[in-house]
$ cat data-v2.txt   # compact mmCIF, C-alpha atoms
# COMPACT_ATOMS: atom_id res chain seq x y z
CA MET A 1 -14.57 53.55 -29.30
CA ASN A 2 -15.24 50.99 -31.96
CA ASP A 3 -12.14 48.96 -32.73
CA SER A 4 -12.88 49.15 -36.47
CA SER A 5 -12.27 52.91 -36.52
CA TRP A 6 -8.61 52.35 -35.60
CA GLY A 7 -7.91 50.74 -38.91
CA SER A 8 -10.01 53.09 -41.13
CA PRO A 9 -8.23 54.95 -43.93
CA PRO A 10 -7.83 58.76 -43.70
CA GLY A 11 -11.04 60.64 -44.36
CA ALA A 12 -13.28 57.66 -43.75
CA GLY A 13 -15.65 57.07 -40.91
CA PRO A 14 -17.83 59.41 -38.87
CA HIS A 15 -14.89 60.58 -36.70
CA ALA A 16 -12.37 61.29 -39.48
CA GLY A 17 -10.55 64.60 -38.90
CA TYR A 18 -12.26 65.23 -35.57
CA TRP A 19 -10.17 65.09 -32.46
CA GLY A 20 -13.06 65.34 -30.09
CA PRO A 21 -14.05 68.09 -27.62
CA THR A 22 -11.96 69.06 -24.69
CA ASP A 23 -13.12 70.38 -21.38
CA GLN A 24 -12.93 73.97 -22.82
CA GLY A 25 -14.64 73.50 -26.17
CA PRO A 26 -13.72 72.25 -29.57
CA VAL A 27 -10.10 72.12 -30.64
CA GLN A 28 -9.01 75.16 -32.64
CA GLY A 29 -8.82 74.38 -36.34
CA ALA A 30 -10.98 71.31 -36.10
CA ALA A 31 -13.18 70.46 -39.06
CA PRO A 32 -16.91 71.02 -38.77
CA ALA A 33 -19.27 68.17 -38.41
CA GLY A 34 -19.83 66.04 -41.43
CA PRO A 35 -17.51 64.27 -43.86
CA ALA A 36 -14.03 65.72 -44.08
CA TYR A 37 -14.01 65.98 -47.87
CA ASP A 38 -16.98 68.41 -47.77
CA ALA A 39 -15.23 70.92 -45.53
CA PRO A 40 -13.03 73.61 -47.07
CA GLU A 41 -10.38 73.03 -44.43
CA ALA A 42 -10.19 69.32 -45.13
CA GLN A 43 -6.62 69.68 -46.42
CA GLN A 44 -5.56 70.99 -42.98
CA THR A 45 -7.04 68.08 -41.13
CA ARG A 46 -4.43 65.78 -39.68
CA PRO A 47 -5.24 62.22 -40.70
CA MET A 48 -5.50 59.60 -38.02
CA PRO A 49 -2.70 57.08 -38.34
CA ILE A 50 -3.48 53.47 -38.97
CA VAL A 51 -2.85 51.52 -35.81
CA PRO A 52 -2.57 47.74 -35.96
CA ASP A 53 -5.15 45.72 -34.19
CA VAL A 54 -4.24 45.15 -30.60
CA PRO A 55 -5.31 42.36 -28.32
CA ALA A 56 -8.49 42.75 -26.37
CA TYR A 57 -7.92 44.85 -23.31
CA GLY A 58 -8.57 43.84 -19.81
CA GLY A 59 -5.78 41.36 -19.12
CA ASP A 60 -2.85 43.79 -18.96
CA GLN A 61 -2.87 46.94 -16.86
CA ASP A 62 -0.39 48.76 -19.12
CA ASP A 63 -2.53 48.16 -22.21
CA ASP A 64 -5.60 49.37 -20.33
CA ARG A 65 -3.91 52.63 -19.46
CA GLY A 66 -2.75 53.06 -23.08
CA ALA A 67 -6.25 52.48 -24.37
CA ALA A 68 -7.66 55.04 -21.96
CA ARG A 69 -5.16 57.69 -23.06
CA LEU A 70 -5.86 57.12 -26.75
CA SER A 71 -9.59 57.26 -26.38
CA GLY A 72 -9.63 60.35 -24.15
CA PRO A 73 -9.58 64.06 -25.32
CA LEU A 74 -6.32 65.55 -26.58
CA TYR A 75 -4.79 68.94 -25.75
CA ARG A 76 -5.25 72.21 -27.60
CA ASP A 77 -1.53 72.62 -28.04
CA ASP A 78 -0.83 71.01 -31.41
CA THR A 79 2.85 70.49 -30.69
CA PHE A 80 2.28 68.81 -27.34
CA ARG A 81 -0.68 67.00 -28.88
CA ASP A 82 1.44 65.58 -31.68
CA ALA A 83 4.16 64.45 -29.32
CA THR A 84 1.62 62.96 -26.99
CA PHE A 85 -0.10 61.15 -29.82
CA ARG A 86 3.17 59.71 -31.06
CA ASP A 87 4.03 58.48 -27.56
CA GLU A 88 0.61 57.00 -27.10
CA THR A 89 0.68 55.39 -30.53
CA THR A 90 4.02 53.82 -29.71
CA SER A 91 2.82 52.57 -26.35
CA ALA A 92 -0.32 51.17 -27.95
CA GLN A 93 1.66 48.91 -30.24
CA PRO A 94 1.01 45.29 -29.37
CA ARG A 95 3.67 43.83 -27.20
CA GLU A 96 5.86 41.15 -28.49
CA ALA A 97 4.57 38.04 -26.85
CA ALA A 98 7.08 36.36 -24.62
CA PRO A 99 8.06 33.03 -26.01
CA GLN A 100 6.18 30.32 -24.22
CA THR A 101 8.20 27.38 -23.18
CA GLN A 102 6.46 24.20 -24.05
CA ASN A 103 7.49 20.85 -22.82
CA PRO A 104 9.06 19.16 -25.76
CA GLU A 105 7.83 15.75 -26.60
CA PRO A 106 9.99 13.13 -24.93
CA MET A 107 12.53 11.65 -27.21
CA PRO A 108 12.02 7.97 -27.79
CA ASP A 109 14.41 5.81 -25.87
CA ALA A 110 17.36 4.72 -27.86
CA PRO A 111 17.16 1.03 -28.67
CA GLN A 112 19.13 -0.94 -26.14
CA PRO A 113 21.11 -3.93 -27.18
CA ALA A 114 19.35 -7.13 -26.30
CA SER A 115 20.86 -8.50 -23.13
CA ALA A 116 21.10 -12.13 -22.30
CA PRO A 117 18.33 -13.34 -19.95
CA GLN A 118 19.51 -13.31 -16.38
CA LYS A 119 19.68 -16.59 -14.60
CA LYS A 120 17.39 -16.96 -11.64
CA SER A 121 19.12 -16.56 -8.32
CA ALA A 122 18.43 -18.73 -5.33
CA GLY A 123 18.73 -15.77 -2.97
CA ARG A 124 21.27 -17.61 -0.81
CA ASP A 125 24.49 -19.56 -0.99
CA LEU A 126 23.22 -23.02 -1.83
CA SER A 127 26.58 -24.72 -1.46
CA ALA A 128 27.02 -23.29 2.03
CA ALA A 129 23.43 -24.10 2.95
CA ILE A 130 23.76 -27.71 1.79
CA GLY A 131 27.11 -28.14 3.55
CA VAL A 132 25.80 -26.77 6.86
CA GLY A 133 22.61 -28.85 6.55
CA VAL A 134 24.53 -32.06 5.95
CA GLY A 135 26.86 -31.33 8.87
CA LEU A 136 23.98 -30.67 11.24
CA GLY A 137 22.17 -33.73 9.95
CA VAL A 138 25.09 -35.96 10.82
CA VAL A 139 25.26 -34.53 14.35
CA ILE A 140 21.51 -34.89 14.83
CA VAL A 141 21.27 -38.43 13.54
CA ALA A 142 24.28 -39.54 15.54
CA SER A 143 22.95 -38.03 18.76
CA LEU A 144 19.43 -39.33 18.16
CA PHE A 145 20.28 -42.96 17.71
CA VAL A 146 23.21 -43.20 20.11
CA VAL A 147 22.29 -41.36 23.31
CA LYS A 148 19.03 -39.44 23.62
CA ALA A 149 20.43 -37.15 26.27
CA VAL A 150 23.06 -35.90 23.84
CA PHE A 151 20.34 -34.82 21.45
CA VAL A 152 18.62 -32.94 24.29
CA GLY A 153 21.92 -31.08 24.75
CA VAL A 154 21.95 -30.26 21.03
CA ILE A 155 18.48 -28.77 21.33
CA ALA A 156 19.50 -26.71 24.36
CA VAL A 157 22.55 -25.31 22.54
CA ALA A 158 20.42 -24.43 19.52
CA VAL A 159 17.94 -22.65 21.81
CA VAL A 160 20.65 -20.56 23.47
CA VAL A 161 22.12 -19.57 20.10
CA GLY A 162 18.67 -18.64 18.80
CA LEU A 163 17.97 -16.49 21.86
CA TRP A 164 21.30 -14.73 21.48
CA GLU A 165 20.61 -13.91 17.82
CA LEU A 166 17.07 -12.69 18.51
CA THR A 167 17.94 -10.48 21.49
CA SER A 168 20.96 -9.05 19.67
CA ARG A 169 18.86 -8.00 16.69
CA LEU A 170 16.20 -6.49 18.96
CA GLU A 171 18.78 -4.34 20.71
CA GLU A 172 20.57 -3.32 17.50
CA ARG A 173 17.48 -2.37 15.51
CA LYS A 174 14.92 -1.31 18.12
CA GLY A 175 16.92 -0.54 21.23
CA ILE A 176 15.03 -3.28 23.13
CA LYS A 177 17.19 -4.87 25.81
CA ALA A 178 15.59 -8.23 26.54
CA PRO A 179 17.69 -9.81 29.35
CA LEU A 180 19.68 -12.62 27.76
CA VAL A 181 21.02 -14.32 30.91
CA PRO A 182 17.66 -15.38 32.41
CA LEU A 183 16.40 -16.24 28.94
CA ALA A 184 19.36 -18.51 28.17
CA VAL A 185 19.28 -20.28 31.53
CA GLY A 186 15.49 -20.58 31.54
CA GLY A 187 15.42 -21.71 27.90
CA ALA A 188 17.88 -24.54 28.45
CA ALA A 189 16.02 -25.54 31.61
CA MET A 190 12.76 -25.50 29.66
CA VAL A 191 14.07 -28.04 27.14
CA VAL A 192 15.35 -30.34 29.84
CA ALA A 193 12.11 -30.03 31.82
CA GLY A 194 10.10 -30.91 28.74
CA TYR A 195 12.17 -34.04 28.20
CA VAL A 196 12.03 -35.11 31.86
CA ARG A 197 8.51 -34.02 32.89
CA GLU A 198 6.95 -33.50 29.45
CA ALA A 199 4.27 -30.81 29.09
CA GLU A 200 3.88 -30.09 32.80
CA GLY A 201 7.60 -29.51 33.23
CA ALA A 202 7.72 -27.28 30.12
CA TRP A 203 4.92 -25.01 31.39
CA VAL A 204 6.46 -24.67 34.86
CA ALA A 205 9.83 -23.79 33.36
CA MET A 206 8.18 -21.26 31.05
CA ALA A 207 6.47 -19.52 33.97
CA LEU A 208 9.68 -19.39 36.01
CA THR A 209 11.60 -18.02 33.04
CA ALA A 210 9.08 -15.21 32.54
CA LEU A 211 9.29 -14.35 36.25
CA ALA A 212 13.08 -14.32 36.08
CA VAL A 213 12.96 -11.91 33.14
CA LEU A 214 10.72 -9.51 35.12
CA VAL A 215 12.96 -9.56 38.17
CA TRP A 216 16.25 -9.38 36.28
CA ARG A 217 15.16 -6.28 34.41
CA MET A 218 14.41 -4.52 37.71
CA THR A 219 18.13 -4.12 38.35
CA GLU A 220 18.32 -1.50 35.58
CA PRO A 221 16.68 1.94 35.19
CA PRO A 222 12.90 1.89 34.68
CA GLU A 223 13.01 3.55 31.25
CA GLY A 224 11.92 0.99 28.66
CA TYR A 225 11.05 -1.63 31.30
CA LEU A 226 7.72 -2.59 29.75
CA LYS A 227 9.02 -3.12 26.22
CA ASP A 228 12.11 -5.00 27.48
CA VAL A 229 10.20 -7.51 29.60
CA THR A 230 7.52 -7.91 26.93
CA ALA A 231 10.17 -8.77 24.38
CA GLY A 232 11.81 -11.11 26.89
CA VAL A 233 8.60 -13.08 27.51
CA PHE A 234 7.97 -13.25 23.78
CA ALA A 235 11.49 -14.57 23.16
CA ALA A 236 11.04 -17.22 25.87
CA PHE A 237 7.89 -18.49 24.20
CA TYR A 238 9.06 -18.13 20.60
CA VAL A 239 12.36 -20.01 20.89
CA PRO A 240 12.74 -22.41 23.86
CA PHE A 241 9.10 -23.20 24.65
CA LEU A 242 8.33 -24.29 21.08
CA ALA A 243 11.55 -26.31 21.03
CA THR A 244 10.37 -28.36 24.00
CA PHE A 245 7.90 -30.16 21.71
CA VAL A 246 10.85 -31.79 19.98
CA ALA A 247 12.25 -32.86 23.34
CA MET A 248 8.85 -34.29 24.35
CA MET A 249 8.62 -36.34 21.14
CA LEU A 250 11.94 -37.91 22.06
CA THR A 251 10.51 -39.48 25.24
CA ALA A 252 8.46 -42.10 23.33
CA ASP A 253 9.83 -45.57 22.59
CA ASP A 254 10.14 -44.66 18.91
CA GLY A 255 11.12 -41.10 19.82
CA PRO A 256 14.19 -40.95 17.54
CA GLN A 257 12.05 -42.00 14.56
CA ARG A 258 9.42 -39.40 15.43
CA VAL A 259 12.00 -36.62 15.66
CA LEU A 260 13.60 -37.78 12.42
CA THR A 261 10.18 -37.74 10.70
CA PHE A 262 9.54 -34.25 12.00
CA LEU A 263 12.90 -33.00 10.72
CA LEU A 264 12.57 -34.77 7.37
CA LEU A 265 9.11 -33.36 6.71
CA THR A 266 10.28 -29.85 7.57
CA VAL A 267 13.27 -30.13 5.22
CA VAL A 268 11.21 -31.73 2.43
CA SER A 269 8.49 -29.08 2.77
CA ASP A 270 11.05 -26.28 2.49
CA THR A 271 12.75 -27.99 -0.44
CA GLY A 272 9.48 -28.54 -2.29
CA ALA A 273 8.46 -24.92 -1.78
CA TYR A 274 11.78 -23.67 -3.06
CA ALA A 275 12.00 -26.01 -6.08
CA VAL A 276 8.44 -25.49 -7.33
CA GLY A 277 8.37 -21.79 -6.51
CA TRP A 278 11.71 -21.14 -8.20
CA ARG A 279 10.64 -22.97 -11.36
CA PHE A 280 6.93 -22.18 -11.64
CA GLY A 281 6.22 -19.43 -9.09
CA LYS A 282 4.27 -16.48 -10.56
CA HIS A 283 1.60 -15.55 -7.99
CA LYS A 284 2.83 -14.02 -4.75
CA LEU A 285 1.61 -15.62 -1.55
CA ALA A 286 2.18 -12.69 0.83
CA PRO A 287 4.12 -9.97 -1.03
CA ARG A 288 4.09 -7.50 1.85
CA ILE A 289 5.53 -10.04 4.27
CA SER A 290 7.73 -12.34 2.21
CA PRO A 291 8.03 -11.34 -1.47
CA GLY A 292 9.87 -14.55 -2.34
CA LYS A 293 7.05 -16.91 -1.42
CA THR A 294 4.52 -17.89 -4.07
CA ARG A 295 1.28 -19.84 -4.15
CA GLU A 296 2.87 -22.34 -6.46
CA GLY A 297 5.65 -22.80 -3.91
CA LEU A 298 3.07 -23.45 -1.19
CA LEU A 299 1.47 -26.15 -3.35
CA GLY A 300 4.91 -27.65 -3.86
CA ALA A 301 5.55 -27.65 -0.11
CA VAL A 302 2.24 -29.35 0.63
CA SER A 303 2.69 -31.95 -2.14
CA PHE A 304 6.25 -32.87 -1.19
CA ALA A 305 5.46 -32.98 2.53
CA MET A 306 2.38 -35.16 2.08
CA VAL A 307 4.28 -37.70 0.01
CA ALA A 308 7.18 -37.74 2.47
CA GLY A 309 4.74 -37.98 5.38
CA ALA A 310 2.99 -40.99 3.87
CA LEU A 311 6.34 -42.76 3.40
CA CYS A 312 7.67 -41.90 6.85
CA MET A 313 4.52 -42.93 8.70
CA GLN A 314 4.35 -46.17 6.76
CA PHE A 315 7.98 -47.27 7.24
CA LEU A 316 9.39 -45.39 10.27
CA ILE A 317 6.65 -44.95 12.85
CA ASP A 318 5.33 -47.88 14.84
CA ASP A 319 1.72 -48.67 13.92
CA GLY A 320 1.69 -45.75 11.48
CA THR A 321 -0.33 -45.75 8.23
CA TRP A 322 0.16 -43.87 4.98
CA TRP A 323 -3.07 -41.85 5.23
CA GLN A 324 -1.97 -40.55 8.62
CA GLY A 325 1.23 -39.48 6.90
CA LEU A 326 -0.76 -37.49 4.34
CA LEU A 327 -2.47 -35.52 7.12
CA LEU A 328 0.80 -35.13 8.99
CA GLY A 329 2.53 -33.81 5.86
CA LEU A 330 -0.27 -31.30 5.28
CA ALA A 331 -0.04 -30.09 8.90
CA VAL A 332 3.74 -29.77 8.77
CA ALA A 333 3.68 -27.80 5.48
CA ALA A 334 1.03 -25.44 6.81
CA SER A 335 2.79 -24.87 10.15
CA ALA A 336 6.20 -24.47 8.48
CA THR A 337 4.81 -21.85 6.09
CA LEU A 338 3.12 -19.95 8.92
CA GLY A 339 6.35 -20.13 10.91
CA ASP A 340 8.32 -18.69 7.99
CA LEU A 341 5.80 -15.88 7.54
CA GLY A 342 5.92 -15.12 11.27
CA GLU A 343 9.69 -14.85 11.23
CA SER A 344 9.53 -12.75 8.06
CA MET A 345 7.18 -10.34 9.87
CA ILE A 346 9.73 -10.00 12.67
CA LYS A 347 12.56 -9.39 10.23
CA ARG A 348 10.54 -6.82 8.26
CA ASP A 349 9.76 -4.99 11.48
CA LEU A 350 13.44 -5.02 12.43
CA GLY A 351 14.53 -4.07 8.90
CA ILE A 352 16.93 -7.00 8.47
CA LYS A 353 17.27 -9.83 6.01
CA ASP A 354 18.64 -12.52 8.33
CA MET A 355 18.65 -13.02 12.07
CA GLY A 356 22.30 -14.01 12.07
CA THR A 357 25.26 -15.32 10.09
CA LEU A 358 26.42 -18.11 12.39
CA LEU A 359 24.96 -20.73 10.03
CA PRO A 360 26.09 -19.77 6.49
CA GLY A 361 23.31 -20.06 3.94
CA HIS A 362 20.56 -20.41 6.56
CA GLY A 363 20.21 -16.84 7.82
CA GLY A 364 20.37 -17.71 11.53

$ encode --input "data-v2.txt" --output "structure tokens"
Amino acid sequence: MNDSSWGSPPGAGPHAGYWGPTDQGPVQGAAPAGPAYDAPEAQQTRPMPIVPDVPAYGGDQDDDRGAARLSGPLYRDDTFRDATFRDETTSAQPREAAPQTQNPEPMPDAPQPASAPQKKSAGRDLSAAIGVGVGLGVVIVASLFVVKAVFVGVIAVAVVVGLWELTSRLEERKGIKAPLVPLAVGGAAMVVAGYVREAEGAWVAMALTALAVLVWRMTEPPEGYLKDVTAGVFAAFYVPFLATFVAMMLTADDGPQRVLTFLLLTVVSDTGAYAVGWRFGKHKLAPRISPGKTREGLLGAVSFAMVAGALCMQFLIDDGTWWQGLLLGLAVAASATLGDLGESMIKRDLGIKDMGTLLPGHGG
């Protein structure tokens, strides 16, 4: 049925006054074909009510059924027909659309009072770090220039403490039980062997320490054996074996000066990286590993270390020259930065900030 016929006035249109045929013939009392105003019985014709336009059908099953009932043939019984028509007319009324909830536009943020710029934080207790550094420096210098063997003992103690911190964090965070006893004994022996027999003694002690770790771990259940001994061998190399290079430097005639140069360059490199990075650092060096390190800080470390290296080689080392100090400073800054990044990788993997708290301000 044409939608326009629903809104036609009474008596208009080709279907005015005609209810349509049923399955048993025309409806009794229906007007003959032709316009309603030409038929004598036009006054008895029931006008078709004006029905408001309804939405296009097809999207709602209830509206489809209502449209089908209105467009189909009506019954011969006028009373039932009228009641049916009224019901159908009512059901054909357009539904009241459900209110659609729209996301309101976000309210603009209320203006916040301007806060004072926060002061940059060092990320550690500088007073504690300086105090501990000065105290250790006094012990190191005194042991270096008084009795060399005492300084070897200082290195051995530092190695044992470092192994204890590393193995404790491995067990706490990863459940890895690297055997501490063979590591501590072998690590101390490694430092002494490096001082007495230099590189050959250090390698032999390293091999014996690794073997001791393998055997010691056999006294416990086999579960986790591989990861425990692997971590043990790594700890033996990472802490005591690298420390033997300091002990080997001490064997030279100017050994105390060499060790002092090594320590000074490491401290100056770290200080230069911190000072320049804290003041000018904007570009991250390795944000996924160590978010605090910047490229500007690396340039500061290299610059400070090269200047300090030139001075130390010129005035502390026998037969040393300033240009050798520049190369030495560059090498120390690069190795110190790589060492820091390596330790940061270990700490990120363990999910910790510091290896220990024994040395306040230094993170272990």

$ closest_residue --input "data-v2.txt" --among "A:Asp253, A:Val332, A:Asp349, A:Ala275" --to "Ile317 in chain A" --atoms "all atoms listed in the file"
A:Asp253

$ closest_residue --input "data-v2.txt" --among "A:Ala202, A:Ala273, A:Ala158, A:Ala231" --to "Glu171 in chain A" --atoms "all atoms listed in the file"
A:Ala231

$ closest_residue --input "data-v2.txt" --among "A:Leu263, A:Leu250, A:Ile346, A:Ala212" --to "Gly186 in chain A" --atoms "only C-alpha atoms"
A:Ala212

$ atom_distance --input "data-v2.txt" --atom1 "CA of Val181 in chain A" --atom2 "CA of Ala235 in chain A"
12.3 Å

$ atom_distance --input "data-v2.txt" --atom1 "CA of Lys293 in chain A" --atom2 "CA of Arg258 in chain A"
28.2 Å

$ residues_around --input "data-v2.txt" --residues "Val276 in chain A" --least-positions-apart "4" --cutoff "12 Å" --atoms "only C-alpha atoms" --output "JSON list (two decimals) with C-alpha atoms, in the frame of the given file"
[["chain", "number", "residue", "atom", "x", "y", "z"],
["A", 268, "VAL", "CA", 11.21, -31.73, 2.43],
["A", 269, "SER", "CA", 8.49, -29.08, 2.77],
["A", 270, "ASP", "CA", 11.05, -26.28, 2.49],
["A", 271, "THR", "CA", 12.75, -27.99, -0.44],
["A", 272, "GLY", "CA", 9.48, -28.54, -2.29],
["A", 280, "PHE", "CA", 6.93, -22.18, -11.64],
["A", 281, "GLY", "CA", 6.22, -19.43, -9.09],
["A", 282, "LYS", "CA", 4.27, -16.48, -10.56],
["A", 293, "LYS", "CA", 7.05, -16.91, -1.42],
["A", 294, "THR", "CA", 4.52, -17.89, -4.07],
["A", 295, "ARG", "CA", 1.28, -19.84, -4.15],
["A", 296, "GLU", "CA", 2.87, -22.34, -6.46],
["A", 297, "GLY", "CA", 5.65, -22.80, -3.91],
["A", 298, "LEU", "CA", 3.07, -23.45, -1.19],
["A", 299, "LEU", "CA", 1.47, -26.15, -3.35],
["A", 300, "GLY", "CA", 4.91, -27.65, -3.86],
["A", 301, "ALA", "CA", 5.55, -27.65, -0.11],
["A", 302, "VAL", "CA", 2.24, -29.35, 0.63],
["A", 303, "SER", "CA", 2.69, -31.95, -2.14],
["A", 304, "PHE", "CA", 6.25, -32.87, -1.19]]

$ atom_distance --input "data-v2.txt" --atom1 "CA of Thr337 in chain A" --atom2 "CA of Tyr274 in chain A"
11.6 Å
